[in-house]
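Enquirer: Pasting structure_6.tsv below, which is TSV, C-alpha atoms and all ligand atoms.
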```tsv
chain	number	residue	atom	x	y	z
A	1	MET	CA	102.23	-25.52	-19.82
A	2	ASP	CA	99.08	-27.51	-20.51
A	3	HIS	CA	96.57	-27.94	-17.75
A	4	PRO	CA	96.78	-31.55	-16.47
A	5	ILE	CA	93.17	-32.35	-17.44
A	6	THR	CA	93.20	-30.56	-20.80
A	7	LEU	CA	92.13	-33.00	-23.55
A	8	SER	CA	92.72	-32.70	-27.24
A	9	ARG	CA	89.56	-32.79	-29.38
A	10	ARG	CA	90.54	-36.24	-30.66
A	11	THR	CA	91.08	-37.59	-27.14
A	12	PHE	CA	87.79	-36.07	-26.04
A	13	LEU	CA	85.90	-37.85	-28.83
A	14	ILE	CA	87.54	-41.19	-28.05
A	15	VAL	CA	86.75	-40.87	-24.33
A	16	GLY	CA	83.16	-39.92	-25.16
A	17	ALA	CA	82.71	-42.92	-27.45
A	18	VAL	CA	84.15	-45.34	-24.91
A	19	THR	CA	81.97	-43.89	-22.14
A	20	ALA	CA	78.85	-44.14	-24.28
A	21	ALA	CA	79.66	-47.74	-25.19
A	22	THR	CA	80.20	-48.58	-21.54
A	23	VAL	CA	76.86	-47.16	-20.30
A	24	ALA	CA	74.71	-48.20	-23.27
A	25	LEU	CA	72.27	-50.89	-22.18
A	26	PRO	CA	71.37	-53.82	-24.40
A	27	PRO	CA	68.00	-53.23	-26.15
A	28	PHE	CA	66.26	-56.07	-24.31
A	29	ILE	CA	67.06	-54.44	-20.94
A	30	CYS	CA	65.61	-51.12	-22.15
A	31	ALA	CA	62.49	-52.92	-23.39
A	32	GLU	CA	62.07	-54.70	-20.05
A	33	ALA	CA	62.52	-51.41	-18.18
A	34	SER	CA	59.89	-49.73	-20.39
A	35	ALA	CA	57.47	-52.60	-19.88
A	36	ALA	CA	58.02	-52.39	-16.12
A	37	ASN	CA	57.32	-48.65	-16.19
A	38	LEU	CA	54.12	-49.19	-18.13
A	39	ALA	CA	53.03	-51.84	-15.67
A	40	ARG	CA	53.54	-49.55	-12.69
A	41	PRO	CA	51.84	-46.19	-13.35
A	42	ILE	CA	52.67	-43.38	-11.00
A	43	LYS	CA	49.48	-42.00	-9.58
A	44	SER	CA	48.83	-38.55	-8.27
A	45	THR	CA	45.91	-36.74	-6.72
A	46	LEU	CA	44.60	-33.79	-8.66
A	47	ASN	CA	42.17	-31.11	-7.55
A	48	LEU	CA	40.56	-28.89	-10.11
A	49	SER	CA	37.31	-27.12	-10.77
A	50	VAL	CA	35.45	-28.32	-13.85
A	51	ASN	CA	32.42	-26.33	-14.95
A	52	GLY	CA	32.15	-24.86	-11.47
A	53	GLN	CA	32.33	-28.19	-9.65
A	54	SER	CA	35.28	-29.21	-7.51
A	55	GLN	CA	36.79	-32.49	-8.63
A	56	ALA	CA	39.39	-34.64	-6.88
A	57	LEU	CA	41.00	-37.26	-9.08
A	58	ASP	CA	43.52	-39.99	-8.39
A	59	ILE	CA	45.06	-40.45	-11.80
A	60	ASP	CA	48.04	-41.80	-13.68
A	61	THR	CA	50.42	-38.85	-14.09
A	62	ARG	CA	50.61	-39.59	-17.83
A	63	THR	CA	46.89	-38.84	-18.33
A	64	THR	CA	46.17	-35.92	-20.61
A	65	LEU	CA	43.60	-33.35	-19.57
A	66	LEU	CA	41.46	-34.54	-22.48
A	67	ASP	CA	41.45	-38.13	-21.23
A	68	ALA	CA	40.85	-37.02	-17.64
A	69	LEU	CA	37.77	-35.11	-18.79
A	70	ARG	CA	36.43	-37.83	-21.05
A	71	GLU	CA	37.48	-41.03	-19.27
A	72	ASN	CA	37.62	-40.04	-15.61
A	73	LEU	CA	34.89	-37.40	-15.43
A	74	LYS	CA	32.74	-38.76	-18.30
A	75	LEU	CA	32.51	-35.30	-19.86
A	76	THR	CA	32.48	-36.56	-23.43
A	77	GLY	CA	31.42	-33.26	-24.98
A	78	THR	CA	35.09	-32.47	-25.48
A	79	LYS	CA	36.17	-34.45	-28.53
A	80	LYS	CA	39.32	-36.33	-29.40
A	81	GLY	CA	40.18	-35.71	-33.03
A	82	CYS	CA	43.86	-36.01	-33.85
A	83	ASP	CA	45.18	-36.33	-30.26
A	84	HIS	CA	48.24	-34.46	-31.53
A	85	GLY	CA	47.37	-30.77	-31.19
A	86	GLN	CA	46.48	-30.33	-34.83
A	87	CYS	CA	42.69	-30.15	-35.09
A	88	GLY	CA	41.34	-28.21	-32.09
A	89	ALA	CA	38.47	-30.65	-31.44
A	90	CYS	CA	39.66	-30.98	-27.84
A	91	THR	CA	39.67	-27.24	-27.08
A	92	VAL	CA	38.62	-26.32	-23.54
A	93	ILE	CA	39.02	-23.12	-21.53
A	94	ALA	CA	41.56	-23.35	-18.71
A	95	ASP	CA	41.74	-20.35	-16.39
A	96	GLY	CA	40.26	-18.18	-19.13
A	97	ARG	CA	42.55	-19.35	-21.92
A	98	ARG	CA	41.67	-21.81	-24.66
A	99	ILE	CA	43.97	-24.79	-24.84
A	100	ASN	CA	44.24	-28.08	-26.68
A	101	SER	CA	43.46	-30.49	-23.86
A	102	CYS	CA	45.15	-33.37	-25.72
A	103	LEU	CA	48.50	-31.57	-25.45
A	104	THR	CA	48.59	-31.02	-21.73
A	105	LEU	CA	48.87	-33.39	-18.79
A	106	ALA	CA	46.01	-33.23	-16.32
A	107	VAL	CA	48.39	-32.98	-13.36
A	108	MET	CA	49.72	-29.72	-14.76
A	109	HIS	CA	46.35	-28.15	-13.94
A	110	GLU	CA	46.24	-28.54	-10.19
A	111	GLY	CA	43.85	-25.87	-8.90
A	112	SER	CA	42.80	-24.74	-12.39
A	113	LYS	CA	39.32	-23.72	-13.45
A	114	ILE	CA	38.36	-25.71	-16.54
A	115	THR	CA	35.33	-24.96	-18.68
A	116	THR	CA	34.14	-27.50	-21.21
A	117	ILE	CA	31.22	-27.31	-23.62
A	118	GLU	CA	29.03	-28.83	-20.89
A	119	GLY	CA	29.78	-25.82	-18.69
A	120	LEU	CA	28.92	-23.11	-21.20
A	121	GLY	CA	25.19	-23.60	-21.41
A	122	THR	CA	22.40	-26.11	-21.03
A	123	PRO	CA	19.92	-27.44	-23.61
A	124	ASP	CA	17.28	-25.17	-22.04
A	125	LYS	CA	19.55	-22.16	-21.75
A	126	LEU	CA	22.17	-22.13	-24.45
A	127	HIS	CA	25.23	-19.92	-24.24
A	128	ALA	CA	24.99	-17.07	-26.78
A	129	MET	CA	27.70	-18.72	-28.89
A	130	GLN	CA	25.89	-22.06	-28.87
A	131	ALA	CA	22.63	-20.38	-29.90
A	132	ALA	CA	24.41	-18.52	-32.71
A	133	PHE	CA	25.98	-21.74	-34.03
A	134	VAL	CA	22.50	-23.31	-34.15
A	135	LYS	CA	20.98	-20.25	-35.80
A	136	HIS	CA	23.69	-19.96	-38.47
A	137	ASP	CA	24.11	-23.69	-39.11
A	138	GLY	CA	27.71	-23.53	-37.89
A	139	TYR	CA	28.16	-27.30	-38.14
A	140	GLN	CA	27.28	-30.40	-40.09
A	141	CYS	CA	28.49	-33.56	-38.33
A	142	GLY	CA	29.09	-31.55	-35.15
A	143	TYR	CA	32.31	-33.33	-34.16
A	144	CYS	CA	34.43	-30.19	-34.17
A	145	THR	CA	31.66	-28.02	-32.73
A	146	PRO	CA	32.35	-28.21	-28.96
A	147	GLY	CA	35.96	-27.21	-29.61
A	148	GLN	CA	34.90	-24.50	-32.06
A	149	ILE	CA	32.48	-22.97	-29.54
A	150	CYS	CA	34.89	-23.07	-26.58
A	151	SER	CA	37.58	-21.61	-28.79
A	152	ALA	CA	35.29	-18.85	-30.12
A	153	VAL	CA	34.17	-17.80	-26.64
A	154	ALA	CA	37.74	-17.49	-25.35
A	155	MET	CA	38.88	-15.94	-28.64
A	156	LEU	CA	36.48	-13.01	-28.28
A	157	ASP	CA	37.82	-12.44	-24.78
A	158	GLU	CA	41.37	-12.38	-26.17
A	159	ILE	CA	40.42	-9.64	-28.65
A	160	ARG	CA	38.62	-7.63	-25.98
A	161	GLN	CA	41.71	-7.89	-23.77
A	162	GLY	CA	43.73	-6.33	-26.59
A	163	ILE	CA	45.86	-9.38	-27.41
A	164	PRO	CA	47.02	-8.99	-31.03
A	165	SER	CA	47.10	-11.72	-33.67
A	166	HIS	CA	48.93	-12.18	-36.95
A	167	ALA	CA	45.97	-10.45	-38.64
A	168	SER	CA	46.07	-7.38	-36.38
A	169	ALA	CA	47.14	-4.13	-37.99
A	170	SER	CA	49.13	-3.10	-34.93
A	171	LEU	CA	50.80	-4.82	-32.01
A	172	THR	CA	50.03	-1.91	-29.72
A	173	LEU	CA	46.59	-0.69	-30.80
A	174	ALA	CA	43.49	-2.61	-29.75
A	175	PRO	CA	42.66	-5.36	-32.28
A	176	GLN	CA	39.34	-5.11	-34.09
A	177	LEU	CA	36.40	-7.43	-33.77
A	178	SER	CA	36.39	-8.39	-37.42
A	179	ALA	CA	35.90	-11.42	-39.64
A	180	SER	CA	39.59	-11.45	-40.62
A	181	GLU	CA	40.60	-11.50	-36.94
A	182	PHE	CA	38.12	-14.33	-36.28
A	183	GLN	CA	39.39	-16.35	-39.24
A	184	GLU	CA	43.01	-15.99	-38.17
A	185	ARG	CA	42.37	-16.71	-34.51
A	186	MET	CA	40.12	-19.70	-35.22
A	187	SER	CA	42.60	-21.26	-37.64
A	188	GLY	CA	43.60	-23.87	-35.05
A	189	ASN	CA	40.08	-25.31	-35.09
A	190	ILE	CA	39.65	-27.49	-38.14
A	191	CYS	CA	36.21	-28.33	-39.52
A	192	ARG	CA	36.32	-31.26	-41.92
A	193	CYS	CA	32.74	-30.50	-42.97
A	194	GLY	CA	33.84	-27.05	-44.08
A	195	ALA	CA	31.29	-25.05	-42.10
A	196	TYR	CA	33.73	-22.17	-41.83
A	197	SER	CA	31.65	-19.38	-43.36
A	198	ASN	CA	28.70	-20.19	-41.10
A	199	ILE	CA	30.97	-20.41	-38.07
A	200	ILE	CA	32.29	-16.91	-38.83
A	201	GLU	CA	28.71	-15.66	-39.20
A	202	ALA	CA	27.83	-17.12	-35.80
A	203	ILE	CA	30.86	-15.58	-34.12
A	204	SER	CA	30.18	-12.24	-35.81
A	205	GLU	CA	26.65	-12.20	-34.48
A	206	VAL	CA	27.86	-12.77	-30.92
A	207	ALA	CA	30.52	-10.10	-31.38
A	208	GLU	CA	27.89	-7.82	-32.89
A	209	VAL	CA	29.81	-7.17	-36.07
A	210	SER	CA	28.88	-8.01	-39.65
A	211	ALA	CA	30.64	-11.08	-41.07
A	301	LIG	FE1	43.55	-32.17	-29.57
A	301	LIG	FE2	43.14	-32.61	-32.17
A	301	LIG	S1	42.43	-33.76	-30.46
A	301	LIG	S2	44.10	-30.90	-31.21
A	302	LIG	FE1	31.83	-31.75	-39.04
A	302	LIG	FE2	33.04	-29.51	-38.25
A	302	LIG	S1	30.92	-29.89	-38.39
A	302	LIG	S2	33.94	-31.41	-38.65
```
Would you write the structure of this file as structure tokens?
Expert:
Amino acid sequence: MDHPITLSRRTFLIVGAVTAATVALPPFICAEASAANLARPIKSTLNLSVNGQSQALDIDTRTTLLDALRENLKLTGTKKGCDHGQCGACTVIADGRRINSCLTLAVMHEGSKITTIEGLGTPDKLHAMQAAFVKHDGYQCGYCTPGQICSAVAMLDEIRQGIPSHASASLTLAPQLSASEFQERMSGNICRCGAYSNIIEAISEVAEVSA
């Protein structure tokens, strides 16, 4: 005997279609609801450490980490290139890992330690990676450079921690500090000026290997 609530596939599809038609809202109601949501941002408090300084922000929960850094904290060293996770210009270091700050909401980083290009060195005392980029002409327009440098610093740490990449010969043996590893691991940082060979030379100098 059939179970009382057993439905044939055909009946199931009909019921589904009717239900969907019943709950579907007219487009103008959806548009009004969206407009209302945009008009009333949901705010949240956020505490994080940026370049060693504690920061407390009261921000729209939709704010990306990139916009929080640039617009709320006025740390404009971190650049907005594509705003879609494709160029790496927005790379910062969050709790020791490099991330695309345009792809993550600021409120997801409650309590995090964020390092931006402003936190790596100062004009009087450059970070070793900054000094190497200057020495090897690792830039032309400089727009990608803050992201390149933050990415390179964290990337060397990744290799030293033994995290393999697609270019690594083994998933279990320690990866090498080598130009091919640097090229693979830096592939998420695009340089429209094409300063790639000089960037690899700069990274190689800091890593103390020949490019
Ligand atoms: Fe974030 Fe391009 S701006 S990846
Ligand atoms: Fe111009 Fe890299 S130096 S985009």
Enquirer: Between A:Leu66, A:Ile200, A:Leu46, A:Cys191, which residue has the minimum interatomic distance to ligand LIG 302 (chain A), considering only C-alpha atoms and all ligand atoms?
Expert: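 Of A:Leu66, A:Ile200, A:Leu46, A:Cys191, the one nearest ligand LIG 302 (chain A), counting only C-alpha atoms and all ligand atoms, is A:Cys191.
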Enquirer: Write out as a Markdown table a residue-level contact list of region 123-183 of chain A versus region 77-90 of chain A with cut-off 12 Å: for each qualifying residue the closest pair of atoms and the distance in Å to one decimal, counting only C-alpha atoms, rows sorted by chain and residue number upward.
Expert:
```
| residue | atom | partner | partner_atom | distance |
| --- | --- | --- | --- | --- |
| A:Gly142 | CA | A:Lys79 | CA | 10.1 |
| A:Tyr143 | CA | A:Lys79 | CA | 6.9 |
| A:Cys144 | CA | A:Ala89 | CA | 4.9 |
| A:Thr145 | CA | A:Ala89 | CA | 7.4 |
| A:Pro146 | CA | A:Thr78 | CA | 6.1 |
| A:Gly147 | CA | A:Ala89 | CA | 4.6 |
| A:Gln148 | CA | A:Ala89 | CA | 7.1 |
| A:Ile149 | CA | A:Ala89 | CA | 9.9 |
| A:Cys150 | CA | A:Cys90 | CA | 9.3 |
| A:Ser151 | CA | A:Gly88 | CA | 8.3 |
| A:Ala152 | CA | A:Gly88 | CA | 11.3 |
```
Enquirer: Can you work out which one of A:Val209, A:Leu73, A:Ile99, A:Leu173 has the shortest atom-to-atom distance to ligand LIG 301 (chain A), counting all atoms listed in the file?
Expert: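 Going through A:Val209, A:Leu73, A:Ile99, A:Leu173 one by one, the smallest distance to ligand LIG 301 (chain A) is for A:Ile99.
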Enquirer: Pick out the closest residue to ligand LIG 301 (chain A) from this set: A:Gln130, A:Gln176, A:Thr63, A:Ser101. Count only C-alpha atoms and all ligand atoms.
Expert: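 Residue with the minimum atom-to-atom distance to ligand LIG 301 (chain A): A:Ser101.
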Enquirer: Which value, in Å to one decimal, gives the distance between CA of Glu158 (chain A) and CA of Asp95 (chain A)?
Expert: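 Rounded to one decimal, the two atoms are 12.6 Å apart.
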Enquirer: Within 8 Å of Ser49 (chain A), counting only C-alpha atoms, which residues qualify if same-chain residues fewer than 4 places away don't, as a PDB file with C-alpha atoms, keeping the file's coordinate frame?
Expert:
```pdb
ATOM      1  CA  GLN A  53      32.330 -28.190  -9.650  1.00  0.00           C
ATOM      2  CA  SER A  54      35.280 -29.210  -7.510  1.00  0.00           C
ATOM      3  CA  GLN A  55      36.790 -32.490  -8.630  1.00  0.00           C
ATOM      4  CA  GLY A 111      43.850 -25.870  -8.900  1.00  0.00           C
ATOM      5  CA  SER A 112      42.800 -24.740 -12.390  1.00  0.00           C
ATOM      6  CA  LYS A 113      39.320 -23.720 -13.450  1.00  0.00           C
ATOM      7  CA  ILE A 114      38.360 -25.710 -16.540  1.00  0.00           C
TER       8      ILE A 114
END
```
Enquirer: List as JSON, numbers by chain the residues having at least one atom at most 7 Å from position (31.5, -33.1, -43.0) as given in the file, counting only C-alpha atoms.
Expert: {"A": [140, 141, 192, 193, 194]}
Enquirer: Which is closer to ligand LIG 302 (chain A) than all the others in A:Ala94, A:Ala167, A:Leu156, A:Val134, using all atoms listed in the file?
Expert: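 Answer, going by the shortest atom-to-atom distance: A:Val134.
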Enquirer: Report, in Å with one decimal, the straight-line distance from CA of Met108 (chain A) to atom S2 of ligand LIG 302 (chain A).
Expert: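 Those two atoms sit 28.7 Å apart.
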Enquirer: Taking into account only C-alpha atoms and all ligand atoms, which residue in the set A:Ile59, A:Val153, A:Ala202, A:Ile190 is nearest to ligand LIG 302 (chain A)?
Expert: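 The closest residue to ligand LIG 302 (chain A) is A:Ile190.
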Enquirer: Rounded to one decimal in Å, what is the spacing between atom S1 of ligand LIG 301 (chain A) and CA of His109 (chain A)?
Expert: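 Value for the atom S1 of ligand LIG 301 (chain A)-CA of His109 (chain A) distance: 17.9 Å.
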Enquirer: Taking all atoms listed in the file into account, name the residue in A:Lys74, A:Leu177, A:Asp137, A:Asn100 that is nearest to ligand LIG 301 (chain A).
Expert: A:Asn100
Enquirer: Since fewer atoms than expected are present, regenerate all heavy atoms for region 93-104 of chain A and write them as a PDB file, in the frame of the given file.
Expert:
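Result file follows (part-v3.pdb):
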```pdb
ATOM      1  N   ILE A  93      38.533 -24.395 -22.084  1.00  0.00           N
ATOM      2  CA  ILE A  93      39.020 -23.120 -21.530  1.00  0.00           C
ATOM      3  C   ILE A  93      39.602 -23.415 -20.147  1.00  0.00           C
ATOM      4  O   ILE A  93      38.908 -23.935 -19.274  1.00  0.00           O
ATOM      5  CB  ILE A  93      37.874 -22.098 -21.441  1.00  0.00           C
ATOM      6  CG1 ILE A  93      37.238 -21.907 -22.831  1.00  0.00           C
ATOM      7  CG2 ILE A  93      38.380 -20.768 -20.896  1.00  0.00           C
ATOM      8  CD1 ILE A  93      35.956 -21.101 -22.812  1.00  0.00           C
ATOM      9  N   ALA A  94      40.867 -23.114 -19.977  1.00  0.00           N
ATOM     10  CA  ALA A  94      41.560 -23.350 -18.710  1.00  0.00           C
ATOM     11  C   ALA A  94      42.002 -22.006 -18.150  1.00  0.00           C
ATOM     12  O   ALA A  94      42.826 -21.321 -18.780  1.00  0.00           O
ATOM     13  CB  ALA A  94      42.763 -24.273 -18.905  1.00  0.00           C
ATOM     14  N   ASP A  95      41.421 -21.634 -17.015  1.00  0.00           N
ATOM     15  CA  ASP A  95      41.740 -20.350 -16.390  1.00  0.00           C
ATOM     16  C   ASP A  95      41.617 -19.200 -17.400  1.00  0.00           C
ATOM     17  O   ASP A  95      42.471 -18.316 -17.484  1.00  0.00           O
ATOM     18  CB  ASP A  95      43.144 -20.379 -15.766  1.00  0.00           C
ATOM     19  CG  ASP A  95      43.231 -21.394 -14.635  1.00  0.00           C
ATOM     20  OD1 ASP A  95      42.252 -21.542 -13.881  1.00  0.00           O
ATOM     21  OD2 ASP A  95      44.277 -22.065 -14.522  1.00  0.00           O
ATOM     22  N   GLY A  96      40.554 -19.267 -18.195  1.00  0.00           N
ATOM     23  CA  GLY A  96      40.260 -18.180 -19.130  1.00  0.00           C
ATOM     24  C   GLY A  96      40.937 -18.268 -20.471  1.00  0.00           C
ATOM     25  O   GLY A  96      40.646 -17.476 -21.360  1.00  0.00           O
ATOM     26  N   ARG A  97      41.847 -19.232 -20.647  1.00  0.00           N
ATOM     27  CA  ARG A  97      42.550 -19.350 -21.920  1.00  0.00           C
ATOM     28  C   ARG A  97      42.158 -20.639 -22.612  1.00  0.00           C
ATOM     29  O   ARG A  97      42.022 -21.680 -21.973  1.00  0.00           O
ATOM     30  CB  ARG A  97      44.071 -19.344 -21.699  1.00  0.00           C
ATOM     31  CG  ARG A  97      44.585 -18.040 -21.130  1.00  0.00           C
ATOM     32  CD  ARG A  97      46.098 -18.052 -21.049  1.00  0.00           C
ATOM     33  NE  ARG A  97      46.690 -18.217 -22.364  1.00  0.00           N
ATOM     34  CZ  ARG A  97      47.972 -18.536 -22.563  1.00  0.00           C
ATOM     35  NH1 ARG A  97      48.775 -18.714 -21.546  1.00  0.00           N
ATOM     36  NH2 ARG A  97      48.443 -18.654 -23.784  1.00  0.00           N
ATOM     37  N   ARG A  98      41.998 -20.571 -23.937  1.00  0.00           N
ATOM     38  CA  ARG A  98      41.670 -21.810 -24.660  1.00  0.00           C
ATOM     39  C   ARG A  98      42.937 -22.629 -24.866  1.00  0.00           C
ATOM     40  O   ARG A  98      43.991 -22.081 -25.208  1.00  0.00           O
ATOM     41  CB  ARG A  98      40.992 -21.468 -25.996  1.00  0.00           C
ATOM     42  CG  ARG A  98      41.790 -20.510 -26.820  1.00  0.00           C
ATOM     43  CD  ARG A  98      41.014 -20.002 -28.005  1.00  0.00           C
ATOM     44  NE  ARG A  98      41.777 -18.971 -28.678  1.00  0.00           N
ATOM     45  CZ  ARG A  98      41.740 -18.715 -29.975  1.00  0.00           C
ATOM     46  NH1 ARG A  98      40.946 -19.398 -30.746  1.00  0.00           N
ATOM     47  NH2 ARG A  98      42.463 -17.765 -30.498  1.00  0.00           N
ATOM     48  N   ILE A  99      42.811 -23.909 -24.672  1.00  0.00           N
ATOM     49  CA  ILE A  99      43.970 -24.790 -24.840  1.00  0.00           C
ATOM     50  C   ILE A  99      43.522 -26.076 -25.520  1.00  0.00           C
ATOM     51  O   ILE A  99      42.356 -26.455 -25.469  1.00  0.00           O
ATOM     52  CB  ILE A  99      44.640 -25.153 -23.484  1.00  0.00           C
ATOM     53  CG1 ILE A  99      43.643 -25.853 -22.563  1.00  0.00           C
ATOM     54  CG2 ILE A  99      45.242 -23.941 -22.827  1.00  0.00           C
ATOM     55  CD1 ILE A  99      44.303 -26.470 -21.343  1.00  0.00           C
ATOM     56  N   ASN A 100      44.480 -26.743 -26.152  1.00  0.00           N
ATOM     57  CA  ASN A 100      44.240 -28.080 -26.680  1.00  0.00           C
ATOM     58  C   ASN A 100      44.436 -29.056 -25.522  1.00  0.00           C
ATOM     59  O   ASN A 100      45.564 -29.271 -25.075  1.00  0.00           O
ATOM     60  CB  ASN A 100      45.217 -28.409 -27.811  1.00  0.00           C
ATOM     61  CG  ASN A 100      44.933 -27.632 -29.069  1.00  0.00           C
ATOM     62  OD1 ASN A 100      43.811 -27.202 -29.287  1.00  0.00           O
ATOM     63  ND2 ASN A 100      45.934 -27.453 -29.900  1.00  0.00           N
ATOM     64  N   SER A 101      43.342 -29.649 -25.066  1.00  0.00           N
ATOM     65  CA  SER A 101      43.460 -30.490 -23.860  1.00  0.00           C
ATOM     66  C   SER A 101      44.186 -31.793 -24.134  1.00  0.00           C
ATOM     67  O   SER A 101      44.594 -32.478 -23.193  1.00  0.00           O
ATOM     68  CB  SER A 101      42.075 -30.757 -23.269  1.00  0.00           C
ATOM     69  OG  SER A 101      41.230 -31.408 -24.196  1.00  0.00           O
ATOM     70  N   CYS A 102      44.391 -32.144 -25.417  1.00  0.00           N
ATOM     71  CA  CYS A 102      45.150 -33.370 -25.720  1.00  0.00           C
ATOM     72  C   CYS A 102      46.641 -33.138 -25.572  1.00  0.00           C
ATOM     73  O   CYS A 102      47.411 -34.087 -25.545  1.00  0.00           O
ATOM     74  CB  CYS A 102      44.841 -33.859 -27.132  1.00  0.00           C
ATOM     75  SG  CYS A 102      45.533 -32.827 -28.448  1.00  0.00           S
ATOM     76  N   LEU A 103      47.059 -31.878 -25.482  1.00  0.00           N
ATOM     77  CA  LEU A 103      48.500 -31.570 -25.450  1.00  0.00           C
ATOM     78  C   LEU A 103      49.009 -31.249 -24.056  1.00  0.00           C
ATOM     79  O   LEU A 103      50.145 -30.831 -23.916  1.00  0.00           O
ATOM     80  CB  LEU A 103      48.798 -30.372 -26.360  1.00  0.00           C
ATOM     81  CG  LEU A 103      48.867 -30.598 -27.857  1.00  0.00           C
ATOM     82  CD1 LEU A 103      49.391 -29.353 -28.547  1.00  0.00           C
ATOM     83  CD2 LEU A 103      49.740 -31.800 -28.188  1.00  0.00           C
ATOM     84  N   THR A 104      48.167 -31.413 -23.067  1.00  0.00           N
ATOM     85  CA  THR A 104      48.590 -31.020 -21.730  1.00  0.00           C
ATOM     86  C   THR A 104      48.240 -32.121 -20.738  1.00  0.00           C
ATOM     87  O   THR A 104      47.188 -32.752 -20.853  1.00  0.00           O
ATOM     88  CB  THR A 104      47.931 -29.678 -21.337  1.00  0.00           C
ATOM     89  OG1 THR A 104      48.407 -29.251 -20.074  1.00  0.00           O
ATOM     90  CG2 THR A 104      46.419 -29.776 -21.280  1.00  0.00           C
TER      91      THR A 104
END
```
